[in-house]
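Enquirer: Dropping in work.pdb, with PDB, C-alpha atoms.
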ATOM      1  CA  MET A   1      84.827 110.410 218.862
ATOM      2  CA  ARG A   2      81.577 109.090 217.457
ATOM      3  CA  LEU A   3      80.932 112.496 215.870
ATOM      4  CA  PHE A   4      84.325 112.304 214.153
ATOM      5  CA  PHE A   5      83.444 108.978 212.478
ATOM      6  CA  ILE A   6      80.035 110.244 211.415
ATOM      7  CA  LEU A   7      81.593 113.353 209.848
ATOM      8  CA  PHE A   8      84.266 111.238 208.177
ATOM      9  CA  PHE A   9      81.738 108.923 206.551
ATOM     10  CA  LEU A  10      79.514 111.823 205.514
ATOM     11  CA  THR A  11      82.502 113.476 203.858
ATOM     12  CA  ALA A  12      83.356 110.209 202.080
ATOM     13  CA  SER A  13      79.750 109.890 200.917
ATOM     14  CA  VAL A  14      79.698 113.449 199.568
ATOM     15  CA  ASN A  15      82.967 112.811 197.704
ATOM     16  CA  ALA A  16      81.476 109.680 196.182
ATOM     17  CA  TYR A  17      78.761 111.790 194.560
ATOM     18  CA  THR A  18      81.108 114.370 193.054
ATOM     19  CA  CYS A  19      82.781 111.942 190.653
ATOM     20  CA  ASP A  20      83.826 113.254 187.264
ATOM     21  CA  ASP A  21      85.168 111.453 184.201
ATOM     22  CA  ILE A  22      87.462 114.406 183.499
ATOM     23  CA  ASN A  23      89.833 112.482 185.809
ATOM     24  CA  ALA A  24      89.928 109.522 183.410
ATOM     25  CA  VAL A  25      93.236 108.616 181.781
ATOM     26  CA  GLN A  26      93.311 109.979 178.233
ATOM     27  CA  PHE A  27      95.181 107.377 176.194
ATOM     28  CA  GLN A  28      97.067 108.425 173.063
ATOM     29  CA  SER A  29      97.380 105.617 170.543
ATOM     30  CA  ASN A  30      96.750 104.973 166.867
ATOM     31  CA  TYR A  31      95.196 101.686 167.988
ATOM     32  CA  LEU A  32      92.550 103.251 170.233
ATOM     33  CA  ILE A  33      89.408 102.630 168.202
ATOM     34  CA  LYS A  34      86.726 103.733 170.652
ATOM     35  CA  SER A  35      86.179 105.335 174.045
ATOM     36  CA  VAL A  36      82.782 105.050 175.718
ATOM     37  CA  HIS A  37      81.781 107.243 178.676
ATOM     38  CA  LYS A  38      78.868 106.191 180.913
ATOM     39  CA  ASN A  39      77.375 107.161 184.239
ATOM     40  CA  ASP A  40      76.318 104.505 186.722
ATOM     41  CA  ASN A  41      73.065 105.908 188.107
ATOM     42  CA  LEU A  42      73.133 103.618 191.132
ATOM     43  CA  THR A  43      76.680 104.281 192.387
ATOM     44  CA  LYS A  44      77.201 107.674 190.680
ATOM     45  CA  GLU A  45      80.508 106.352 189.342
ATOM     46  CA  LYS A  46      81.792 107.522 186.002
ATOM     47  CA  LYS A  47      82.860 104.641 183.798
ATOM     48  CA  VAL A  48      85.082 104.868 180.753
ATOM     49  CA  TRP A  49      85.808 101.970 178.399
ATOM     50  CA  ASN A  50      88.780 102.220 176.028
ATOM     51  CA  TYR A  51      89.050  99.711 173.166
ATOM     52  CA  PHE A  52      92.349  99.071 171.367
ATOM     53  CA  VAL A  53      92.872  96.809 168.351
ATOM     54  CA  PHE A  54      96.492  96.212 167.351
ATOM     55  CA  PRO A  55      97.820  95.417 163.846
ATOM     56  CA  ASN A  56      98.446  91.777 164.789
ATOM     57  CA  GLY A  57      94.758  91.406 165.761
ATOM     58  CA  ASP A  58      95.252  91.544 169.543
ATOM     59  CA  LEU A  59      92.572  93.332 171.554
ATOM     60  CA  MET A  60      92.941  95.416 174.712
ATOM     61  CA  LEU A  61      90.071  96.720 176.816
ATOM     62  CA  ILE A  62      90.601  99.152 179.685
ATOM     63  CA  LYS A  63      87.638  99.897 181.927
ATOM     64  CA  GLN A  64      88.050 102.869 184.256
ATOM     65  CA  ASP A  65      85.767 103.379 187.269
ATOM     66  CA  ILE A  66      86.227 106.890 188.593
ATOM     67  CA  CYS A  67      84.874 108.051 191.917
ATOM     68  CA  PHE A  68      86.049 107.994 195.528
ATOM     69  CA  MET A  69      88.504 105.367 194.321
ATOM     70  CA  LYS A  70      89.970 104.992 190.815
ATOM     71  CA  GLU A  71      89.880 101.474 189.439
ATOM     72  CA  PHE A  72      91.353 100.157 186.202
ATOM     73  CA  TYR A  73      90.425  96.766 184.759
ATOM     74  CA  ILE A  74      92.822  95.919 181.934
ATOM     75  CA  ASP A  75      92.162  92.932 179.666
ATOM     76  CA  TYR A  76      94.567  92.056 176.867
ATOM     77  CA  TYR A  77      93.528  89.222 174.520
ATOM     78  CA  TYR A  78      95.968  87.492 172.188
ATOM     79  CA  SER A  79      96.103  84.390 170.014
ATOM     80  CA  LEU A  80      98.510  81.491 169.566
ATOM     81  CA  SER A  81      99.989  83.223 166.521
ATOM     82  CA  SER A  82     100.840  86.397 168.467
ATOM     83  CA  ASP A  83     104.529  86.959 169.016
ATOM     84  CA  GLY A  84     105.403  87.314 172.717
ATOM     85  CA  LYS A  85     107.517  90.429 172.129
ATOM     86  CA  THR A  86     104.698  92.117 170.231
ATOM     87  CA  VAL A  87     102.186  91.255 172.957
ATOM     88  CA  LEU A  88     104.498  92.693 175.600
ATOM     89  CA  ASN A  89     105.251  95.864 173.595
ATOM     90  CA  ASN A  90     101.560  96.503 172.870
ATOM     91  CA  TYR A  91     100.673  96.039 176.540
ATOM     92  CA  LYS A  92     103.642  98.064 177.754
ATOM     93  CA  ASN A  93     102.992 101.070 175.463
ATOM     94  CA  ILE A  94      99.454 101.527 176.777
ATOM     95  CA  PHE A  95     100.176 100.498 180.377
ATOM     96  CA  ASN A  96     103.035 103.020 180.658
ATOM     97  CA  GLN A  97     100.568 105.813 179.855
ATOM     98  CA  LEU A  98      98.408 104.700 182.762
ATOM     99  CA  LEU A  99     101.420 104.556 185.105
ATOM    100  CA  GLN A 100     102.530 108.038 184.060
ATOM    101  CA  SER A 101      99.058 109.577 184.207
ATOM    102  CA  GLU A 102      98.405 108.213 187.708
ATOM    103  CA  SER A 103     101.950 108.912 188.994
ATOM    104  CA  LEU A 104     102.534 105.228 189.707
ATOM    105  CA  THR A 105     105.919 103.583 189.956
ATOM    106  CA  ILE A 106     107.009  99.957 190.013
ATOM    107  CA  ARG A 107     108.909  99.018 193.148
ATOM    108  CA  HIS A 108     110.741  95.794 194.027
ATOM    109  CA  GLY A 109     111.138  94.087 190.695
ATOM    110  CA  ASP A 110     110.527  94.393 186.990
ATOM    111  CA  LEU A 111     106.894  94.168 185.904
ATOM    112  CA  TYR A 112     107.773  93.789 182.224
ATOM    113  CA  SER A 113     110.299  91.021 182.812
ATOM    114  CA  TYR A 114     107.626  89.247 184.856
ATOM    115  CA  LEU A 115     105.026  89.686 182.077
ATOM    116  CA  SER A 116     107.491  88.539 179.411
ATOM    117  CA  LYS A 117     108.285  85.341 181.315
ATOM    118  CA  LYS A 118     104.585  84.689 182.019
ATOM    119  CA  ILE A 119     103.727  85.132 178.315
ATOM    120  CA  GLN A 120     106.374  82.480 177.569
ATOM    121  CA  GLY A 121     104.554  80.138 179.950
ATOM    122  CA  ASN A 122     106.879  80.256 182.955
ATOM    123  CA  LYS A 123     105.402  79.847 186.431
ATOM    124  CA  LEU A 124     106.340  82.871 188.542
ATOM    125  CA  ASP A 125     105.160  84.657 191.631
ATOM    126  CA  LYS A 126     104.448  88.375 191.472
ATOM    127  CA  ASN A 127     107.615  90.044 192.750
ATOM    128  CA  PHE A 128     106.833  93.746 192.352
ATOM    129  CA  ILE A 129     104.651  96.403 193.931
ATOM    130  CA  LEU A 130     102.936  99.377 192.307
ATOM    131  CA  GLU A 131     102.842 102.536 194.400
ATOM    132  CA  LYS A 132     102.038 106.236 194.094
ATOM    133  CA  LEU A 133     104.950 108.648 193.704
ATOM    134  CA  LYS A 134     103.504 111.732 195.390
ATOM    135  CA  ARG A 135     100.485 110.764 197.502
ATOM    136  CA  ASP A 136      99.742 108.353 200.263
ATOM    137  CA  ASP A 137      96.909 106.644 198.371
ATOM    138  CA  THR A 138      96.757 102.904 198.697
ATOM    139  CA  VAL A 139      97.455 100.994 195.499
ATOM    140  CA  ASP A 140      96.235  97.449 194.944
ATOM    141  CA  SER A 141      97.031  95.417 191.835
ATOM    142  CA  TYR A 142      96.952  91.967 190.314
ATOM    143  CA  PHE A 143      98.059  90.426 187.037
ATOM    144  CA  ASN A 144      96.552  87.100 185.913
ATOM    145  CA  PHE A 145      97.226  85.018 182.822
ATOM    146  CA  ASN A 146      94.393  82.890 181.489
ATOM    147  CA  GLU A 147      94.031  80.298 178.776
ATOM    148  CA  ASN A 148      90.695  80.276 176.975
ATOM    149  CA  ASN A 149      89.422  76.737 176.380
ATOM    150  CA  GLU A 150      86.362  77.919 174.462
ATOM    151  CA  PRO A 151      86.428  78.354 170.670
ATOM    152  CA  SER A 152      87.816  81.848 170.106
ATOM    153  CA  ILE A 153      90.442  83.645 168.050
ATOM    154  CA  TYR A 154      91.965  84.700 171.376
ATOM    155  CA  LYS A 155      93.581  81.735 173.118
ATOM    156  CA  TYR A 156      95.135  83.726 175.971
ATOM    157  CA  SER A 157      94.459  86.809 178.057
ATOM    158  CA  ILE A 158      96.265  88.998 180.545
ATOM    159  CA  LYS A 159      93.804  90.298 183.122
ATOM    160  CA  SER A 160      95.057  93.133 185.305
ATOM    161  CA  TYR A 161      93.591  95.343 187.972
ATOM    162  CA  ILE A 162      94.832  98.524 189.607
ATOM    163  CA  GLY A 163      92.889 100.206 192.393
ATOM    164  CA  ILE A 164      93.997 103.595 193.729
ATOM    165  CA  GLY A 165      92.577 105.205 196.853
ATOM    166  CA  GLY A 166      89.854 103.943 199.091
ATOM    167  CA  LEU A 167      90.154 103.318 202.768
TER     168      LEU A 167
END
Go ahead and express the file in the form of structure tokens.

Expert:
Amino acid sequence: MRLFFILFFLTASVNAYTCDDINAVQFQSNYLIKSVHKNDNLTKEKKVWNYFVFPNGDLMLIKQDICFMKEFYIDYYYSLSSDGKTVLNNYKNIFNQLLQSESLTIRHGDLYSYLSKKIQGNKLDKNFILEKLKRDDTVDSYFNFNENNEPSIYKYSIKSYIGIGGL
């Protein structure tokens, strides 16, 4: 039994060092202004940053960590003057590409209805689950709304995380 665990962890370690950014989500948008690809020499992870700037001035940053586990950190920044529908549509158009690319589905609820109500300032609990369509990978996610009290053109942000895989 001990040998099994040793082999399992060795296999996981080998997989961690065969990471490749070819597995990164390739976003298609007129608002994608830059993609940056980097290697983390310490962890051997491939990191990809995607920067989007929308016509209303909103900014979206998606950081992808690709290795044994795929992680997506999604930050959407918007100002007081941003229309809630526009914020939601901008977010939704890019986020749907991630869902499709990673074969994720929304179960138990409506993510976009939740986001729309949160953008309007309503207090809600997360009532949905993201899951993989075809594989048994674990999927973890969170969606936070923040108000920036520092001087900035962006008064609010939606901070999201999706982790796929792992143990």

Enquirer: Translate the PyMOL selection byres ((chain A and resi 40) around 12), as applied to the file shown, into an explicit residue set as a list in words.

Expert: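 Residues picked by the PyMOL selection byres ((chain A and resi 40) around 12): Ala16, Tyr17, Cys19, Asp20, Asp21, His37, Lys38, Asn39, Asn41, Leu42, Thr43, Lys44, Glu45, Lys46, Lys47, Val48, Asp65, Ile66 and Cys67 of chain A.
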
Enquirer: Determine the residue membership of the PyMOL selection byres ((chain A and resi 164) around 7) for the file above and supply it as a PyMOL selection string.

Expert: chain A and resi 69-71+137-140+162-163+165-166

Enquirer: Which is closest to Ile153 (chain A) among A:Asn89, A:Tyr77, A:Tyr114, A:Gln97, if we use only C-alpha atoms?

Expert: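 Selected residue with least distance to Ile153 (chain A): A:Tyr77.
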
Enquirer: So the first atom is CA of Ser79 (chain A) and the second is CA of Gln120 (chain A); what is the distance between them in Å, to one decimal place?

Expert: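 Here the two named atoms are 12.9 Å from each other.
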
Enquirer: Work out how far apart CA of Gly57 (chain A) and CA of Asn146 (chain A) are and give it in Å to one decimal.

Expert: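 Between CA of Gly57 (chain A) and CA of Asn146 (chain A) the gap is 17.9 Å.
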
Enquirer: To one decimal place in Å, what is the distance between CA of Asn50 (chain A) and CA of Asp75 (chain A)?

Expert: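 Calculated distance between CA of Asn50 (chain A) and CA of Asp75 (chain A) is 10.5 Å.
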
Enquirer: With the PyMOL selection byres ((chain A and resi 105) around 8) as the selection, what would be picked from this file? Answer as a PyMOL selection string, please.

Expert: chain A and resi 99+103-104+106-107+130-133

Enquirer: Would you please work out which residue, of A:Tyr154, A:Leu111, A:Glu102, A:Ile62, is nearest to Lys34 (chain A) when using all atoms listed in the file?

Expert: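 The shortest atom-to-atom distance to Lys34 (chain A) comes from A:Ile62.
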
Enquirer: Pick out the closest residue to Phe27 (chain A) from this set: A:Ile94, A:Gly84, A:Lys63, A:Val53. Count all atoms listed in the file.

Expert: A:Ile94

Enquirer: Excluding region 147-151 of chain A and residues on its chain fewer than 6 positions from it, collect all residues at most 12 Å away from it, counting all atoms listed in the file, and give them as a PDB file with C-alpha atoms, in the frame of the given file.

Expert:
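Listed below is the output, around25.pdb:
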ATOM      1  CA  TYR A  76      94.567  92.056 176.867  1.00  0.00           C
ATOM      2  CA  TYR A  77      93.528  89.222 174.520  1.00  0.00           C
ATOM      3  CA  TYR A  78      95.968  87.492 172.188  1.00  0.00           C
ATOM      4  CA  SER A  79      96.103  84.390 170.014  1.00  0.00           C
ATOM      5  CA  LEU A  80      98.510  81.491 169.566  1.00  0.00           C
ATOM      6  CA  LYS A 118     104.585  84.689 182.019  1.00  0.00           C
ATOM      7  CA  ILE A 119     103.727  85.132 178.315  1.00  0.00           C
ATOM      8  CA  GLY A 121     104.554  80.138 179.950  1.00  0.00           C
ATOM      9  CA  SER A 157      94.459  86.809 178.057  1.00  0.00           C
ATOM     10  CA  ILE A 158      96.265  88.998 180.545  1.00  0.00           C
ATOM     11  CA  LYS A 159      93.804  90.298 183.122  1.00  0.00           C
TER      12      LYS A 159
END

Enquirer: Please define a box with edges along x, y and z of the file around all atoms of region 144-152 of chain A given in the file, extend it by 6 Å on each side, and return its centre and edge lengths in Å to one decimal, as lines of an AutoDock Vina configuration file.

Expert:
center_x = 91.8
center_y = 81.9
center_z = 178.0
size_x = 22.9
size_y = 22.4
size_z = 27.8

Enquirer: Need to verify the contact set: Gln26 (chain A), 9 Å, only C-alpha atoms, exclusion of same-chain residues closer than 2 positions in sequence. Can you return it as a PyMOL selection string?

Expert: chain A and resi 23-24+28+97-98+101

Enquirer: From the list A:Phe145, A:Gln64, A:Leu88, A:Asn93, which residue is nearest Tyr31 (chain A) when using all atoms listed in the file?

Expert: A:Asn93

Enquirer: Considering only C-alpha atoms, state which residue in the set A:Tyr142, A:Tyr161, A:Phe68, A:Tyr156 is at the smallest distance from Val87 (chain A).

Expert: A:Tyr156

Enquirer: Tell me which of A:Ser141, A:Lys92, A:Asp83, A:Ser29 sits closest to Asp58 (chain A), counting all atoms listed in the file.

Expert: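 Smallest separation from Asp58 (chain A) among the options: A:Asp83.
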